[in-house]
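*Asks:* Below is a structure I'd like to ask you about.
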Amino acid sequence: MIEDVRSTAPATGVAAIYRLVRKDLLRRYHAPMETLLSLALPLGLTAVIGLAFGGNQNGNVSLPPIGVAVLDRDDSFMSGLMAGALGGIDGENAPITFDVRAVGSEDEAWRGMREGEISAMLEIPAGMSDSLFGGGTVDFRLVRNPSERILPEIVEQVIGVGVVLLSEATTHLAGPLDRMQAMGDSLDAWPDELAVASISAAWSEELRRFEKWVFPPIVTLSVSSAEDDSDASETGPSIDIFAYILPGIAFLGLLFLAAAGHRDLFTERSMGTFHRIAAAPAGVDALLASKFASASAIAAIGLLLLLGSGAIIFGSRWGDPMGLALMVLSGSIAASGMVGLLYGGARTERQAETLAPILILSVSFVGGSMIPLSELPGFARSVAPFTPNYWLIDGLRSLAASEANWLGVLKHAGVLTGFGLSGMALGMGLVRRRSGSGV
Amino acid sequence: MSESILVVSHLRKAYGSTIAVDGICFSVDRGEIVGLLGPNGAGKTTTISMICGLTVPTDGRVTVSGHDIAAEAIAAKSQIGLVPQDIALYEELSATANLSFWGSLQGLTGQSLRSRVAELLEKVDLEGRATEPVERFSGGMKRRLNLAVGLIAHPHLLLLDEPTVGIDPQARFAILDIVREEARAGTAVLYTTHLLEEAERLCDRILIIDRGTIHAEGSPESLVAMLGEGKVVTIRGPFEQGSIDPLLVTEDGMEIVSSQAGRVLLSIENGAIPALFELLSRDEVSVDDISVREPDLESVFIKLTGRQLRD
């Protein structure tokens with residue numbers, strides 16, 4: 001008699017799917033290169049794009065100090081204060097810092113630019129203090145390093161804002177400034193406390209008159225302004241550049257990860273394991289469902305790693321953990337379902353491999369993974385809600401900007417799950433139909 | 001009384017107007033090794049696919065241990081151990097991981113799974129390489145592991161689809177020994193091959209299949225006996241098909257088994273061989289080669305189908 005060695009009934013249904021998924025994850029663990037590459041690409045892209053357009057406002061990662069040469073032809077107390085103020089933009093919360101170097105001539109600044117150490121030169125004209133306090137006009141000159149694009153632009157924007165502030169201050173704070181100038185001109189010793197206090201009182205009185213108009217812009221333009229809640233309502237949600245970029249690119253990477261998962265169906269066919277599993281009690285349906293589940297699981301792990309890496313490396317915050325879990329789960333199902341439909345419809349591996357990148361990149365482009373939706377033509381913007389990319393990006397950004405909690409992204413999760421399950425049902429149906437009388 | 005584990009009744013498979021399997025009937029008893037012998041494209045793999053439920057038959061019925069493969073798929077499939085022609089293993093996983101996975105699919109868990117895996121690794125002589133990824137194995141080692149996977153749940157029916165393709169004789173003999181051992185333990189074995197020596201050496205009974213039809217069935221000895229007591233003579237030369245047939249049928253004790261352009265196969269009584277040489281010489285038949293051998297399955301196959309196994 002043949003001994004029955006089974007401890008339980010042969011695995012079918014969910015039990016079979018569980019064992020098949022476990023096997024797929026084990027295979028990934030033993031051959032991780034494809035998965036790691038799929039994860040490294042979106043992280044790398046996010047870092048490049050994020051750093052090119054500015055570090056995050058929490059300061060965990062920021063641009064290196066931007067070299068600014070100051071040619072001070074005025075050489076006064078006020079011009080010294082201005083140069084010092086520019087160099088004083090630093091600290092934990094500063095997204096950018098300046099490495100201010102005093103230069104004696106324009107040639108010296110040009111040398112610095114040629115050597116790549118200087119991004120721009122600010123020339124403070126002779127007689128600046130007198131003009132400023134005498135009610136005259138002052139013309140600052142900024143020379144940009146022609147070999148750089150982004151860093152000189154940042155310098156220009158920051159100094160432009162400073163000039164506006166200075167102009168407003170000299171118009172409205174003429175009295176206290178005159179007294180400061182007089183104090184600066186006779187600065188042989190540290191001014192006595194009473195004089196400083198009286199100037200301070202005069203500043204305070206003047207500023208109170210303009211409090212309503214002056215303070216918000218000052219706060220907005222200062223380093224700490226990004227965390228000012230009153231600004232958020234006017235300028236859009238407060239979200240760091242990496243948290244803004246990463247969801248879109250992460251979903252693009254997720255689609256490629258899911259594609260690798262579904263490609264495995266063809267690999268199993270060529271290895272013969274597909275037929276061996278189909279001949280086992282588990283059957284074809286469990287095998288096909290397991291491929292969707294494996295691809296979803298790999299995508300979920302991938303998305304968690306990407307978002308986690310974003311938090312660790314770039315300091316991005318993803319808001320409500322419950323909402324994040326919902327988005328990760330539904331986004332992974334959507335990625336697996338969408339790619340599974342493609343692979344289910346493809347007759348051959350070659351056909352699938354040709355179509356997959358085209359479909360993934362097209363959907364990602366229209367869905368806002370590669371370029372912000374606001375930059376896309378109107379037609380693309382109207383099509384975007386029909387892509388899973390759109391819903392994942394919108395949901396994750398809402399969470400990152402603390403605009404929504406898990407209830408706020410429930411709709412996003414529902415739509416994404418719908419995408420995924422529809423793709424899965426259609427994909428499985430196509431494989432079954434193509435298999436026809438056998439598999 | 002013998003117990004039939006596999007019963008195949010009027011099994012037919014058509015792909016449009018092409019008939020792959022044409023109403024075949026046979027059975028395999030407990031402990032019996034049955035060979036399905038035929039050339040490539042004869043319908044062997046389609047038959048195996050229908051038996052294990054991979055292909056839905058156009059007509060007919062298959063039962064395994066009394067369970068209909070269509071109506072009681074899970075019960076029937078749980079009695080089958082399939083060893084496909086491809087080495088259906090996960091190359092990145094170890095031998096142990098492969099066996100554990102396939103065993104878990106069949107319902108083995110915990111200690112029973114671990115002990116069965118260890119037992120099989122020893123049986124196929126891979127216990128020393130148990131934790132290595134399969135991709136590092138030689139072809140013969142992979143074939144042995146492929147067989148072990150088919151045996152993991154002690155199947156009632158073992159289906160072997162050309163399990164020794166591309167391996168050296170030593171590894172082949174090892175596999176054949178294991179198959180014999182399983183049969184002795186009571187497993188019914190259906191073994192497809194196009195290798196005559198294997199079929200003759202291993203099988204209790206052989207089914208000769210070609211173009212989807214079973215042409216003959218019996219033990220290797222009874223099939224060979226169909227050619228009579230004499231010898232089998234093969235004549236090769238630059239002659240047209242049928243051109244020398246009239247000459248050969250004039251002699252007593254000679255029977256044409258098959259006649260093709262450039263090759264004629266004769267079944268000939270022992271005493272008639274000198275007469276054959278005389279005949280060919282007298283009529284000045286241009287001959288390149290004449291071989292005389294004992295009757296074998298190859299000759300039977302040619303007689304039944306008109307073509308060689310490797311055609």
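Every chain in the structure tokens has a letter given in the order shown (A, B, ...), and although residue numbers restart at 1 in each chain, ligands are simply numbered from 1 in the order shown.
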Excluding range 11-19 of chain B and residues on its chain fewer than 6 positions from it, collect all residues at most 6 Å away from it, counting only C-alpha atoms, and give them as an mmCIF file with C-alpha atoms, in the first residue's frame.
*Replies:*
```cif
data_model
loop_
_atom_site.group_PDB
_atom_site.id
_atom_site.type_symbol
_atom_site.label_atom_id
_atom_site.label_comp_id
_atom_site.auth_asym_id
_atom_site.auth_seq_id
_atom_site.Cartn_x
_atom_site.Cartn_y
_atom_site.Cartn_z
ATOM 1 C CA PRO B 57 -10.258 16.581 -23.956
ATOM 2 C CA THR B 58 -12.547 16.984 -26.921
ATOM 3 C CA ASP B 59 -14.072 13.688 -25.943
ATOM 4 C CA GLY B 60 -13.488 10.765 -23.607
#
```
*Asks:* Would you mind writing down, as a list of chain:residue names, each residue of range 164-244 of chain B that DSSP on the backbone assigns to strand (DSSP E)?
*Replies:*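 Reading the DSSP output for range 164-244 of chain B, strand (DSSP E) covers B:Ala188, B:Val189, B:Leu190, B:Tyr191, B:Thr192, B:Thr193, B:Arg205, B:Ile206, B:Leu207, B:Ile208, B:Ile209, B:Asp210, B:Thr213, B:Ile214, B:His215, B:Ala216, B:Glu217, B:Gly218, B:Lys231, B:Val232, B:Val233, B:Thr234, B:Ile235, B:Arg236.
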*Asks:* Do me a favour and pick out the residues of chain B within 6 Å of chain A, using only C-alpha atoms, as an mmCIF file with N, CA and C atoms, in the first residue's frame.
*Replies:*
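Result went into result-v8.cif, see below:
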```cif
data_model
loop_
_atom_site.group_PDB
_atom_site.id
_atom_site.type_symbol
_atom_site.label_atom_id
_atom_site.label_comp_id
_atom_site.auth_asym_id
_atom_site.auth_seq_id
_atom_site.Cartn_x
_atom_site.Cartn_y
_atom_site.Cartn_z
ATOM 1 N N CYS B 52 -3.524 14.646 -16.724
ATOM 2 C CA CYS B 52 -3.339 15.416 -15.481
ATOM 3 C C CYS B 52 -4.144 16.716 -15.480
ATOM 4 N N LEU B 54 -4.394 19.259 -17.565
ATOM 5 C CA LEU B 54 -3.884 20.489 -18.148
ATOM 6 C C LEU B 54 -4.598 20.827 -19.447
ATOM 7 N N THR B 55 -5.023 19.819 -20.162
ATOM 8 C CA THR B 55 -5.715 20.014 -21.429
ATOM 9 C C THR B 55 -7.090 19.354 -21.324
ATOM 10 N N VAL B 56 -8.105 20.095 -21.746
ATOM 11 C CA VAL B 56 -9.468 19.548 -21.691
ATOM 12 C C VAL B 56 -9.696 18.696 -22.940
ATOM 13 N N ILE B 74 -9.662 18.055 -8.081
ATOM 14 C CA ILE B 74 -8.733 18.143 -6.947
ATOM 15 C C ILE B 74 -8.405 16.750 -6.410
ATOM 16 N N LYS B 77 -6.220 15.003 -9.059
ATOM 17 C CA LYS B 77 -4.872 15.584 -9.164
ATOM 18 C C LYS B 77 -4.026 15.284 -7.930
ATOM 19 N N SER B 78 -4.676 15.157 -6.787
ATOM 20 C CA SER B 78 -3.899 14.900 -5.572
ATOM 21 C C SER B 78 -3.278 13.507 -5.573
ATOM 22 N N ASP B 86 10.304 19.163 -19.275
ATOM 23 C CA ASP B 86 11.139 20.296 -18.848
ATOM 24 C C ASP B 86 11.575 20.064 -17.402
ATOM 25 N N ALA B 88 11.258 21.349 -14.413
ATOM 26 C CA ALA B 88 10.356 22.350 -13.843
ATOM 27 C C ALA B 88 10.713 22.618 -12.390
ATOM 28 N N LEU B 105 2.451 22.458 -1.445
ATOM 29 C CA LEU B 105 1.294 22.547 -2.354
ATOM 30 C C LEU B 105 0.452 21.273 -2.308
ATOM 31 N N GLN B 106 1.120 20.154 -2.002
ATOM 32 C CA GLN B 106 0.405 18.867 -1.968
ATOM 33 C C GLN B 106 -0.172 18.572 -0.586
ATOM 34 N N GLY B 107 -0.002 19.509 0.342
ATOM 35 C CA GLY B 107 -0.620 19.323 1.650
ATOM 36 C C GLY B 107 0.321 18.792 2.715
ATOM 37 N N LEU B 108 1.608 18.689 2.416
ATOM 38 C CA LEU B 108 2.566 18.258 3.444
ATOM 39 C C LEU B 108 3.010 19.471 4.246
ATOM 40 N N THR B 109 3.042 19.330 5.542
ATOM 41 C CA THR B 109 3.501 20.446 6.384
ATOM 42 C C THR B 109 4.358 19.899 7.533
#
```
*Asks:* For Gly35 in chain B, which residue out of B:Leu145, B:Leu82, B:Leu195, B:Val249 is the nearest one, using only C-alpha atoms?
*Replies:*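 Answer, going by the shortest atom-to-atom distance: B:Leu195.
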*Asks:* Step one, run DSSP on the backbone; step two, keep only residues of range 299-404 of chain A assigned to alpha helix (DSSP H); then write them as a PyMOL selection string.
*Replies:* chain A and resi 299-314+321-345+349-367+378-383+388-400
*Asks:* Tell me, as a PyMOL selection string, which residues lie within 8 Å of Ser364 in chain A, counting only C-alpha atoms; anything in the same chain fewer than 2 positions away does not count.
*Replies:* chain A and resi 248+252+360-362+366-370+387+389
*Asks:* Show me, as a PyMOL selection string, the residues that have an atom within 12 Å of Ala289 in chain A when counting only C-alpha atoms, minus same-chain residues fewer than 6 positions from it.
*Replies:* chain A and resi 12-21+261-262+265+282-283+295-296+336-337+340+344+421+423-429+431-432
*Asks:* Write a file of the just-selected residues containing N, CA and C atoms, as a PDB file, in the first residue's frame.
*Replies:*
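Result saved to again.pdb:
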```pdb
ATOM      1  N   THR A  12      -5.416  24.308  -1.792  1.00  0.00           N
ATOM      2  CA  THR A  12      -6.211  24.902  -2.862  1.00  0.00           C
ATOM      3  C   THR A  12      -6.654  26.283  -2.387  1.00  0.00           C
ATOM      4  N   GLY A  13      -7.225  27.054  -3.287  1.00  0.00           N
ATOM      5  CA  GLY A  13      -7.766  28.369  -2.942  1.00  0.00           C
ATOM      6  C   GLY A  13      -6.757  29.274  -2.274  1.00  0.00           C
ATOM      7  N   VAL A  14      -7.189  29.904  -1.176  1.00  0.00           N
ATOM      8  CA  VAL A  14      -6.344  30.910  -0.505  1.00  0.00           C
ATOM      9  C   VAL A  14      -5.063  30.277   0.037  1.00  0.00           C
ATOM     10  N   ALA A  15      -5.163  29.043   0.541  1.00  0.00           N
ATOM     11  CA  ALA A  15      -3.969  28.374   1.074  1.00  0.00           C
ATOM     12  C   ALA A  15      -2.928  28.188  -0.033  1.00  0.00           C
ATOM     13  N   ALA A  16      -3.384  27.813  -1.214  1.00  0.00           N
ATOM     14  CA  ALA A  16      -2.457  27.622  -2.333  1.00  0.00           C
ATOM     15  C   ALA A  16      -1.859  28.950  -2.757  1.00  0.00           C
ATOM     16  N   ILE A  17      -2.712  29.987  -2.801  1.00  0.00           N
ATOM     17  CA  ILE A  17      -2.214  31.319  -3.201  1.00  0.00           C
ATOM     18  C   ILE A  17      -1.145  31.778  -2.210  1.00  0.00           C
ATOM     19  N   TYR A  18      -1.406  31.564  -0.923  1.00  0.00           N
ATOM     20  CA  TYR A  18      -0.444  31.961   0.110  1.00  0.00           C
ATOM     21  C   TYR A  18       0.907  31.268  -0.124  1.00  0.00           C
ATOM     22  N   ARG A  19       0.863  29.968  -0.394  1.00  0.00           N
ATOM     23  CA  ARG A  19       2.125  29.225  -0.587  1.00  0.00           C
ATOM     24  C   ARG A  19       2.841  29.648  -1.866  1.00  0.00           C
ATOM     25  N   LEU A  20       2.058  29.951  -2.875  1.00  0.00           N
ATOM     26  CA  LEU A  20       2.657  30.394  -4.143  1.00  0.00           C
ATOM     27  C   LEU A  20       3.290  31.779  -3.987  1.00  0.00           C
ATOM     28  N   VAL A  21       2.602  32.663  -3.255  1.00  0.00           N
ATOM     29  CA  VAL A  21       3.154  34.015  -3.042  1.00  0.00           C
ATOM     30  C   VAL A  21       4.425  33.929  -2.199  1.00  0.00           C
ATOM     31  N   GLY A 261       6.998  41.331 -11.692  1.00  0.00           N
ATOM     32  CA  GLY A 261       6.206  40.278 -11.052  1.00  0.00           C
ATOM     33  C   GLY A 261       5.370  39.509 -12.059  1.00  0.00           C
ATOM     34  N   HIS A 262       4.739  40.226 -12.971  1.00  0.00           N
ATOM     35  CA  HIS A 262       3.867  39.554 -13.941  1.00  0.00           C
ATOM     36  C   HIS A 262       4.668  38.858 -15.043  1.00  0.00           C
ATOM     37  N   LEU A 265       5.193  35.148 -14.930  1.00  0.00           N
ATOM     38  CA  LEU A 265       4.247  34.160 -15.466  1.00  0.00           C
ATOM     39  C   LEU A 265       4.827  33.527 -16.733  1.00  0.00           C
ATOM     40  N   ALA A 282      -3.700  22.714  -6.724  1.00  0.00           N
ATOM     41  CA  ALA A 282      -3.865  24.173  -6.654  1.00  0.00           C
ATOM     42  C   ALA A 282      -4.534  24.713  -7.912  1.00  0.00           C
ATOM     43  N   GLY A 283      -4.088  24.261  -9.076  1.00  0.00           N
ATOM     44  CA  GLY A 283      -4.716  24.650 -10.335  1.00  0.00           C
ATOM     45  C   GLY A 283      -4.284  26.005 -10.865  1.00  0.00           C
ATOM     46  N   ALA A 295       2.795  40.257  -7.188  1.00  0.00           N
ATOM     47  CA  ALA A 295       3.174  41.552  -7.764  1.00  0.00           C
ATOM     48  C   ALA A 295       2.701  42.677  -6.840  1.00  0.00           C
ATOM     49  N   SER A 296       1.508  42.521  -6.251  1.00  0.00           N
ATOM     50  CA  SER A 296       1.002  43.546  -5.315  1.00  0.00           C
ATOM     51  C   SER A 296       1.883  43.600  -4.073  1.00  0.00           C
ATOM     52  N   SER A 336      -0.387  46.471  -9.702  1.00  0.00           N
ATOM     53  CA  SER A 336      -0.383  45.064 -10.105  1.00  0.00           C
ATOM     54  C   SER A 336      -1.503  44.777 -11.103  1.00  0.00           C
ATOM     55  N   GLY A 337      -2.682  45.327 -10.827  1.00  0.00           N
ATOM     56  CA  GLY A 337      -3.823  45.077 -11.710  1.00  0.00           C
ATOM     57  C   GLY A 337      -3.616  45.665 -13.085  1.00  0.00           C
ATOM     58  N   GLY A 340      -0.896  43.745 -14.794  1.00  0.00           N
ATOM     59  CA  GLY A 340      -1.382  42.379 -15.013  1.00  0.00           C
ATOM     60  C   GLY A 340      -2.318  42.294 -16.197  1.00  0.00           C
ATOM     61  N   GLY A 344      -1.618  39.979 -19.189  1.00  0.00           N
ATOM     62  CA  GLY A 344      -2.655  38.993 -19.487  1.00  0.00           C
ATOM     63  C   GLY A 344      -3.088  39.066 -20.937  1.00  0.00           C
ATOM     64  N   LEU A 421      -8.458  45.755  -9.026  1.00  0.00           N
ATOM     65  CA  LEU A 421      -9.277  44.538  -9.106  1.00  0.00           C
ATOM     66  C   LEU A 421      -9.860  44.349 -10.511  1.00  0.00           C
ATOM     67  N   GLY A 423      -8.440  45.355 -13.288  1.00  0.00           N
ATOM     68  CA  GLY A 423      -7.314  44.874 -14.112  1.00  0.00           C
ATOM     69  C   GLY A 423      -7.039  43.405 -13.866  1.00  0.00           C
ATOM     70  N   MET A 424      -7.111  43.019 -12.598  1.00  0.00           N
ATOM     71  CA  MET A 424      -6.844  41.625 -12.236  1.00  0.00           C
ATOM     72  C   MET A 424      -7.891  40.697 -12.862  1.00  0.00           C
ATOM     73  N   ALA A 425      -9.173  41.077 -12.738  1.00  0.00           N
ATOM     74  CA  ALA A 425     -10.241  40.216 -13.281  1.00  0.00           C
ATOM     75  C   ALA A 425     -10.106  40.095 -14.797  1.00  0.00           C
ATOM     76  N   LEU A 426      -9.885  41.233 -15.454  1.00  0.00           N
ATOM     77  CA  LEU A 426      -9.766  41.203 -16.920  1.00  0.00           C
ATOM     78  C   LEU A 426      -8.518  40.432 -17.350  1.00  0.00           C
ATOM     79  N   GLY A 427      -7.406  40.695 -16.656  1.00  0.00           N
ATOM     80  CA  GLY A 427      -6.146  40.020 -16.988  1.00  0.00           C
ATOM     81  C   GLY A 427      -6.254  38.515 -16.842  1.00  0.00           C
ATOM     82  N   MET A 428      -6.843  38.082 -15.721  1.00  0.00           N
ATOM     83  CA  MET A 428      -6.997  36.634 -15.502  1.00  0.00           C
ATOM     84  C   MET A 428      -7.926  36.026 -16.551  1.00  0.00           C
ATOM     85  N   GLY A 429      -8.972  36.771 -16.877  1.00  0.00           N
ATOM     86  CA  GLY A 429      -9.910  36.285 -17.892  1.00  0.00           C
ATOM     87  C   GLY A 429      -9.222  36.105 -19.238  1.00  0.00           C
ATOM     88  N   VAL A 431      -6.015  35.577 -19.803  1.00  0.00           N
ATOM     89  CA  VAL A 431      -5.094  34.420 -19.770  1.00  0.00           C
ATOM     90  C   VAL A 431      -5.880  33.123 -19.895  1.00  0.00           C
ATOM     91  N   ARG A 432      -6.985  33.051 -19.158  1.00  0.00           N
ATOM     92  CA  ARG A 432      -7.800  31.836 -19.195  1.00  0.00           C
ATOM     93  C   ARG A 432      -8.358  31.607 -20.593  1.00  0.00           C
TER      94      ARG A 432
END
```
*Asks:* List the spatial neighbours of Glu200 in chain B as a short mmCIF file (atom, residue, chain, number, x, y, z; two decimals) with C-alpha atoms, in the first residue's frame - criterion: any atom at most 12 Å away, only C-alpha atoms, same-chain residues fewer than 6 positions off excluded.
*Replies:*
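Saved the output as around25.cif:
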```cif
data_model
loop_
_atom_site.label_atom_id
_atom_site.label_comp_id
_atom_site.auth_asym_id
_atom_site.auth_seq_id
_atom_site.Cartn_x
_atom_site.Cartn_y
_atom_site.Cartn_z
CA ILE B 33 5.02 0.43 -15.48
CA VAL B 34 3.42 1.19 -18.82
CA GLY B 35 5.45 2.79 -21.61
CA LEU B 36 3.86 5.13 -24.11
CA LEU B 37 6.24 4.70 -27.03
CA LEU B 176 15.20 4.18 -14.03
CA TYR B 191 6.28 6.48 -18.88
CA THR B 193 9.63 7.95 -24.26
CA HIS B 194 10.95 7.64 -27.74
CA ILE B 206 4.21 -0.92 -23.93
CA LEU B 207 1.65 1.07 -25.91
CA GLY B 218 1.66 -5.68 -24.95
CA SER B 219 4.80 -6.66 -23.11
CA PRO B 220 8.07 -5.92 -24.94
CA GLU B 221 8.50 -9.66 -25.60
CA SER B 222 5.01 -10.15 -27.02
CA LEU B 223 5.41 -7.14 -29.28
CA VAL B 224 8.72 -8.39 -30.63
CA ASP B 296 13.36 -5.49 -31.62
CA LEU B 297 10.80 -2.85 -30.76
CA GLU B 298 12.18 -0.55 -33.44
#
```
*Asks:* Between B:Asp245, B:Glu294, B:Asp252, B:Asp210, single out the one closest to Gly228 in chain B, counting only C-alpha atoms.
*Replies:*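 Looking at the shortest contact to Gly228 in chain B, the residue is B:Glu294.
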